[in-house]
Amino acid sequence: MKPLTADRVYRFYRAGDEETLALQGVSFELNPGEVVAVVGPSGSGKSTLFSCLTGLDEPSGGTVWIDGKRLTHQPEAVRARLRADHIGIVSQGNNLFTHLTLSANMRLAQKLSSRPGANIDELLESLGIQKRSHAYPTELSGGEGARAGLAVALANDPSVLIADEPTGELDEATESRILELFHERAEQGKAVLIASHSAAVRRTADRVLTLEDGMLQL
């Protein structure tokens with residue numbers, strides 16, 4: 001069973017008589033323990049693809065499977081539960097609530113899941129930010145904030161990590177450390193998918209998928 005399978009995923013938008021094909025039959029699988037990069041120019045469909053893969057958006061056609069469970073063409077409540085149980089989402093813009101401390105953000109994420117969560121102290125220690133568990137997001141540095149976002153994404157011990165431009169605003173040293181953390185999670189059997197313009201992400205990935213005009217280039 002694959003952690004994630006996308007089968008002929010399409011997404012199009014209509015505005016009046018105009019139709020935009022954002023995704024055109026995208027198909028691929030993720031294997032446990034691998035880091036896969038999705039690259040392509042701005043407007044190629046990366047963010048649209050990731051929204052469909054996480055159940056935040058419903059594709060116009062095709063199917064997404066997470067751990068053998070169909071994510072697409074399900075009621076929003078079902079998609080939300082599958083997302084909470086199986087997918088960790090990391091975004092460039094941050095996935096933390098500013099009025100909650102880091103540990104409170106992690107506990108909230110765990111309450112949304114039906115699965116046993118990770119040990120918060122152990123997870124924060126593995127990411128090197130245990131001493132910042134009671135800090136609010138606005139009190140964290142850029143590097144700390146990136147690791148905090150990863151901590152929240154890992155709070156439910158998901159099988160799939162999906163990251164959209166997670167290192168776009170980080171310096172080179174911090175980016176390198178964040179990528180090391182992604183690879184460490186892959187070594188523990190997670191499947192990691194990263195959309196990025198970064199050369200470092202492309203260079204360190206186990207596999208690179210190129211998206212252009214909503215189509216995977218083979």
# chains A, B, ... in the order shown; residues from 1 in each chain; ligands from 1

$ closest_atom_pairs --of "range 33-99 of chain A" --to "range 136-148 of chain A" --cutoff "7 Å" --atoms "only C-alpha atoms" --output "CSV"
residue,atom,partner,partner_atom,distance
A:Leu96,CA,A:Pro137,CA,6.8
A:Thr98,CA,A:Pro137,CA,5.5
A:His99,CA,A:Tyr136,CA,7.0

$ write_last_selection --atoms "N, CA, C and O atoms" --output "PDB file, in the first residue's frame"
ATOM      1  N   LEU A  96       0.831  27.812  12.286  1.00  0.00           N
ATOM      2  CA  LEU A  96       0.611  27.954  13.712  1.00  0.00           C
ATOM      3  C   LEU A  96      -0.399  29.071  13.993  1.00  0.00           C
ATOM      4  O   LEU A  96      -0.409  30.097  13.307  1.00  0.00           O
ATOM      5  N   THR A  98      -1.364  32.127  16.106  1.00  0.00           N
ATOM      6  CA  THR A  98      -0.499  33.070  16.820  1.00  0.00           C
ATOM      7  C   THR A  98      -0.892  33.251  18.278  1.00  0.00           C
ATOM      8  O   THR A  98      -0.070  33.673  19.095  1.00  0.00           O
ATOM      9  N   HIS A  99      -2.152  32.951  18.648  1.00  0.00           N
ATOM     10  CA  HIS A  99      -2.577  33.159  20.033  1.00  0.00           C
ATOM     11  C   HIS A  99      -2.306  31.938  20.914  1.00  0.00           C
ATOM     12  O   HIS A  99      -2.637  31.964  22.106  1.00  0.00           O
TER      13      HIS A  99
END

$ closest_atom_pairs --of "range 88-134 of chain A" --to "range 41-57 of chain A" --cutoff "12 Å" --atoms "only C-alpha atoms" --output "JSON lines"
{"residue": "A:Gly88", "atom": "CA", "partner": "A:Thr54", "partner_atom": "CA", "distance": 8.9}
{"residue": "A:Ile89", "atom": "CA", "partner": "A:Thr54", "partner_atom": "CA", "distance": 7.9}
{"residue": "A:Val90", "atom": "CA", "partner": "A:Phe50", "partner_atom": "CA", "distance": 10.8}
{"residue": "A:Ser91", "atom": "CA", "partner": "A:Ser47", "partner_atom": "CA", "distance": 10.4}
{"residue": "A:Gln92", "atom": "CA", "partner": "A:Ser47", "partner_atom": "CA", "distance": 11.5}

$ select_by_dssp --residues "range 58-145 of chain A" --states "strand (DSSP E)" --output "VMD selection string"
chain A and resid 61 to 66 69 to 70 87 to 91

$ closest_residue --among "A:Ala151, A:Ala191, A:His197, A:Gly33" --to "Glu125 in chain A" --atoms "only C-alpha atoms"
A:Ala151

$ atom_distance --atom1 "CA of Ser103 in chain A" --atom2 "CA of Ser133 in chain A"
5.1 Å

$ residues_around --residues "Ile87 in chain A" --least-positions-apart "3" --cutoff "6 Å" --atoms "only C-alpha atoms" --output "ChimeraX atom specification"
/A:83,158,160-161

$ residues_around --residues "Ala199 in chain A" --least-positions-apart "6" --cutoff "12 Å" --atoms "only C-alpha atoms" --output "MDAnalysis selection string"
chainID A and resid 37:40 165 167:168 172 175:176 179 205 208

$ write_last_selection --atoms "C-alpha atoms" --output "PDB file, in the first residue's frame"
ATOM      1  CA  ALA A  37      10.532  17.230  -4.983  1.00  0.00           C
ATOM      2  CA  VAL A  38       7.945  18.856  -7.261  1.00  0.00           C
ATOM      3  CA  VAL A  39       9.527  21.629  -9.305  1.00  0.00           C
ATOM      4  CA  GLY A  40       8.295  23.941 -12.012  1.00  0.00           C
ATOM      5  CA  GLU A 165       7.783  26.084  -0.361  1.00  0.00           C
ATOM      6  CA  THR A 167      12.284  26.961   2.946  1.00  0.00           C
ATOM      7  CA  GLY A 168      11.520  29.891   0.664  1.00  0.00           C
ATOM      8  CA  GLU A 172      21.039  28.747   3.384  1.00  0.00           C
ATOM      9  CA  GLU A 175      17.321  25.609   4.845  1.00  0.00           C
ATOM     10  CA  SER A 176      19.985  22.910   5.001  1.00  0.00           C
ATOM     11  CA  LEU A 179      15.987  19.575   4.702  1.00  0.00           C
ATOM     12  CA  ALA A 205      15.605  14.807  -3.180  1.00  0.00           C
ATOM     13  CA  VAL A 208      12.248  15.021  -8.838  1.00  0.00           C
TER      14      VAL A 208
END

$ decode --residues "range 150-165 of chain A" --atoms "N, CA and C atoms" --output "CSV table (one decimal), in the first residue's frame"
chain,number,residue,atom,x,y,z
A,150,LEU,N,7.1,22.4,11.3
A,150,LEU,CA,7.3,21.0,11.1
A,150,LEU,C,6.8,20.2,12.3
A,151,ALA,N,7.0,20.7,13.5
A,151,ALA,CA,6.6,20.0,14.7
A,151,ALA,C,5.1,19.8,14.7
A,152,VAL,N,4.3,20.9,14.3
A,152,VAL,CA,2.9,20.8,14.3
A,152,VAL,C,2.5,19.8,13.2
A,153,ALA,N,3.1,19.8,12.1
A,153,ALA,CA,2.8,18.8,11.0
A,153,ALA,C,3.1,17.4,11.4
A,154,LEU,N,4.0,17.2,12.3
A,154,LEU,CA,4.4,15.8,12.8
A,154,LEU,C,3.7,15.4,14.0
A,155,ALA,N,2.9,16.3,14.6
A,155,ALA,CA,2.2,16.0,15.9
A,155,ALA,C,1.4,14.7,15.9
A,156,ASN,N,0.8,14.4,14.8
A,156,ASN,CA,-0.1,13.2,14.7
A,156,ASN,C,0.6,12.0,14.1
A,157,ASP,N,2.0,12.1,14.0
A,157,ASP,CA,2.8,11.0,13.4
A,157,ASP,C,2.2,10.6,12.1
A,158,PRO,N,2.0,11.5,11.1
A,158,PRO,CA,1.4,11.2,9.8
A,158,PRO,C,2.3,10.3,9.0
A,159,SER,N,1.8,9.6,8.0
A,159,SER,CA,2.6,8.8,7.1
A,159,SER,C,3.1,9.6,5.9
A,160,VAL,N,2.4,10.7,5.7
A,160,VAL,CA,2.8,11.6,4.5
A,160,VAL,C,3.0,13.0,5.0
A,161,LEU,N,4.2,13.6,4.6
A,161,LEU,CA,4.4,15.0,4.9
A,161,LEU,C,4.4,15.7,3.5
A,162,ILE,N,3.6,16.8,3.4
A,162,ILE,CA,3.4,17.6,2.2
A,162,ILE,C,3.8,19.0,2.5
A,163,ALA,N,4.9,19.5,1.9
A,163,ALA,CA,5.4,20.8,2.2
A,163,ALA,C,5.4,21.7,0.9
A,164,ASP,N,4.8,22.9,1.0
A,164,ASP,CA,4.7,23.8,-0.1
A,164,ASP,C,5.7,25.0,0.2
A,165,GLU,N,6.8,25.0,-0.5
A,165,GLU,CA,7.8,26.1,-0.4
A,165,GLU,C,8.2,26.3,1.1
